[in-house]
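**Student:** Before anything else, here's the structure in question.
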Amino acid sequence: MNAASETTRPIPEVLISVRGLIVEFGAHRVMNGLDLDIYRGEVLGFVGGSGQGKSVLMRTILGLVQKREGAIRLFGHDRDGLPPLELRRLEQRWGVLFQNGALFSSLTVKQNIQMPMRESRDLSQRFMDDLAMLKLKLVGLPPDSAEKLPSELSGGMIKRAALARALALDPELVFLDEPTSGLDPIGAADFDELIATLQKTLGLTVFMVTHDLDSLYSVCDRVAALAEGKVIGEGSLEDLLASDQPWLRAYFHGTRGSRLIGARKGKTDGQAPPQ
Amino acid sequence: MTSDIMANSPTAAESVSGGVTRFSLRGGWTLAASRGLERQAQSLVEKGRKAESVVVDLSGIDRLDTAGALLVNRAREALERAGATVAIEGVRAEHRILLDETTFSLVSTPAKRTLLIVDLLVDVGLSLVDGLHEFYRGTGFLGEFVAALGRTVLSPRLFRGTSLIYQMEVFGLRSIPIILLINIAVGAIVAQQGIFQLMRFGATSYSVDLIGILVLRELGVLLTSIMIAGRCGSAITAELGSMKMREEVDALRVMGLSPIEVLVVPRVLALVFSLPLLTFIADMAALFGGLLVSWSYAGISPPAFLSLLQEAIGVNTFMVGIIKAPFMALVIGLISTQDGLATMGSAESLGRQVTAAVVKGIFMVIIVDGCFAMFFATISY
């Protein structure tokens, strides 16, 4: 085990690999032969236009949407070939932050965080309380939020509490569905920073569906772009910025994109923003 | 998969040399080990308690997560409290971060210990105050409704005819089948029971009096109201509640429209108009059910049933039932709309409001019916 993990360290280990994925809703083909790899330890930003199926891909990997064709390998195991029990065990190795938090509204924040622990681990209540408080501290929520109900929290706090729940079982991989949507710029920047910090301290792998160009800049190691049911570009943000692909150009060099890029460039190397 | 989790169960080997107890931790100190992880951490504390100096060696550890790191930290704190000096050795860089992150003092929330009787009294007091508040709010809501209704009467431009007709279709027309069904059944049951009980006195024909008076004065309107409270009251509360949750009610308000005028008035009016009509249908259905049973059980032919009925009841018997219907509708409508608009943000709150609206609606319908019974008795109507 030890030796194995050391030999694989230089070559990044593929946690999730998707090959030739086809997803259809009725006659509408959402994914058309999509390929994607998620490597251990990276923060992968996944961008694409509204309605292009970014969330669908995430939900397909998670098993919430049925695929038509293609192969999904989770931690090196083929999803289709896994017996249900093994699949459940694998599912405990990832955490998911849904777009609107999806906190259980009838449970307090603490109970929400303890829910996965209670269901799949045998732990004493004292230890679970201790762990829940730790998770709250990790995501930067004050201790008194533990006893609050989701309806008593602000949007930013809901995202943080949902992230704490996603981290409840110390997953290796975290899926974030538009983590910064609906947050103000300060809250969004804080959340980006939080993701970056957690990624470093907990050694997480992060798959982040996002619209937020700022997030791409500040936390993502690698970016993949989705259009017409395929990954049309992946690599570092610089690679994508340099790409000639029309959609990528429109996305990154549109009014908002270029303004942001210009601002960043202007800040970092003193160039004038491109017109 | 299973095997490598099992092979990685956390262990702590103890070795004592010259007053120093050294624990070499091995395996995966992660949450995957569940209770095993807790037990190992507990054993560290128990074994190390007597030692002067404890060394925890993490170099042999395969994996560490926040749960493992938290337990190592907690064990260290416990041993230090017991008077030992604790050193943690062989920490890898990535584990160091985890250990640092998981150092935090637990804010102990003082457990509240109160007497059961005190809790009970507090609960009783709170629910009494809540009940009074509810009554107060209900009265306020009735006032708002009447004011909105008044405005609508003064300027008919505000009147929402389409909405009213639509709601009457939903609440009235579409309720007819179920109202017919239960009232035929109830009329039949009352007739059957009446016939069987009165047969012993040879007074079978009086069962027609029983059916006529009971159905027209009480059962028709009461059953219809209860049915409507369940069927339409819940629908109104759920609809307004989800509109409130999705800020549609606020959207109305910022457009300068009053939610009471736009949402409440048409619904309550639709109920007020529909319920007497439904009550009439219910009365007829129940009498028909009674007629069928009297005919088949007691051999009272339909013409005989009708002439006996004519002697037993007057217009006032029928009117007693019908007069009550609009008031029942008002009670149901006000309770369900008010509860709908009182919904807070969560799905749980919506569910609670719908239940409360139906329960309160049915309860109040019965109370109102009781009040009317006393009233009509007093005026000998």
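Ligands are numbered from 1 in the order shown, chains are lettered A, B, ... in the order of the structure tokens, and residues start at 1 in each chain.
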Counting only C-alpha atoms, collect the residues of chain B whose closest atom lies at most 10 Å from chain A, and write them out as a PyMOL selection string.

**Tutor:** chain B and resi 1-2+4+7-8+30-39+60-67+70-71+74+94-107+109+344-349

**Student:** Leaving out Gly351 in chain B and any residue of its chain fewer than 6 positions from it, which residues lie within 10 Å of it when counting only C-alpha atoms, given as a list of chain:residue names?

**Tutor:**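 After dropping sequence-adjacent residues, the list is B:Ser234, B:Thr237, B:Ala238, B:Gly241, B:Thr343, B:Ala357.
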
**Student:** Okay, now the selection with N, CA and C atoms, as a PDB file, in the first residue's frame?

**Tutor:**
```
ATOM      1  N   SER B 234     -56.329  22.815   2.234  1.00  0.00           N
ATOM      2  CA  SER B 234     -54.928  22.408   2.097  1.00  0.00           C
ATOM      3  C   SER B 234     -54.346  22.932   0.786  1.00  0.00           C
ATOM      4  N   THR B 237     -53.561  26.682   1.175  1.00  0.00           N
ATOM      5  CA  THR B 237     -52.385  26.917   2.009  1.00  0.00           C
ATOM      6  C   THR B 237     -51.110  26.543   1.264  1.00  0.00           C
ATOM      7  N   ALA B 238     -51.128  25.395   0.585  1.00  0.00           N
ATOM      8  CA  ALA B 238     -49.924  24.965  -0.125  1.00  0.00           C
ATOM      9  C   ALA B 238     -49.589  25.931  -1.250  1.00  0.00           C
ATOM     10  N   GLY B 241     -48.499  29.257   0.242  1.00  0.00           N
ATOM     11  CA  GLY B 241     -47.238  29.017   0.948  1.00  0.00           C
ATOM     12  C   GLY B 241     -46.077  28.942  -0.021  1.00  0.00           C
ATOM     13  N   THR B 343     -46.268  31.158   5.897  1.00  0.00           N
ATOM     14  CA  THR B 343     -45.194  30.196   5.655  1.00  0.00           C
ATOM     15  C   THR B 343     -43.839  30.892   5.655  1.00  0.00           C
ATOM     16  N   ALA B 357     -53.406  24.269   8.891  1.00  0.00           N
ATOM     17  CA  ALA B 357     -54.578  24.882   8.273  1.00  0.00           C
ATOM     18  C   ALA B 357     -55.734  23.899   8.232  1.00  0.00           C
TER      19      ALA B 357
END
```

**Student:** For Ser296 in chain B, please output as a list in words all residues within 12 Å (counting only C-alpha atoms; exclusion window: fewer than 4 positions along the same chain).

**Tutor:**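 Final neighbour list, sorted by chain and number: Ala188, Ala191, Gln192, Ile195, Gly289, Gly290, Leu291, Leu292, Ile300, Ser301, Pro302 and Phe305 of chain B.
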
**Student:** Now that the selection is made, can you save its residues with C-alpha atoms as an mmCIF file, in the first residue's frame?

**Tutor:**
```cif
data_model
loop_
_atom_site.group_PDB
_atom_site.id
_atom_site.type_symbol
_atom_site.label_atom_id
_atom_site.label_comp_id
_atom_site.auth_asym_id
_atom_site.auth_seq_id
_atom_site.Cartn_x
_atom_site.Cartn_y
_atom_site.Cartn_z
ATOM 1 C CA ALA B 188 -77.899 5.892 3.383
ATOM 2 C CA ALA B 191 -81.391 5.939 7.118
ATOM 3 C CA GLN B 192 -80.268 2.378 7.733
ATOM 4 C CA ILE B 195 -84.727 2.234 10.435
ATOM 5 C CA GLY B 289 -79.328 8.085 -0.289
ATOM 6 C CA GLY B 290 -81.857 7.965 2.527
ATOM 7 C CA LEU B 291 -84.693 7.468 0.075
ATOM 8 C CA LEU B 292 -82.957 4.508 -1.554
ATOM 9 C CA ILE B 300 -91.175 3.065 2.011
ATOM 10 C CA SER B 301 -91.853 3.875 -1.625
ATOM 11 C CA PRO B 302 -90.371 7.106 -3.053
ATOM 12 C CA PHE B 305 -90.935 9.020 1.415
#
```

**Student:** Using DSSP on the backbone coordinates, identify the residues of range 57-267 of chain A assigned to alpha helix (DSSP H); present them as a PyMOL selection string.

**Tutor:** chain A and resi 57-62+84-91+109-120+125-138+155-166+185-202+213-218+237-242+246-253+255-267
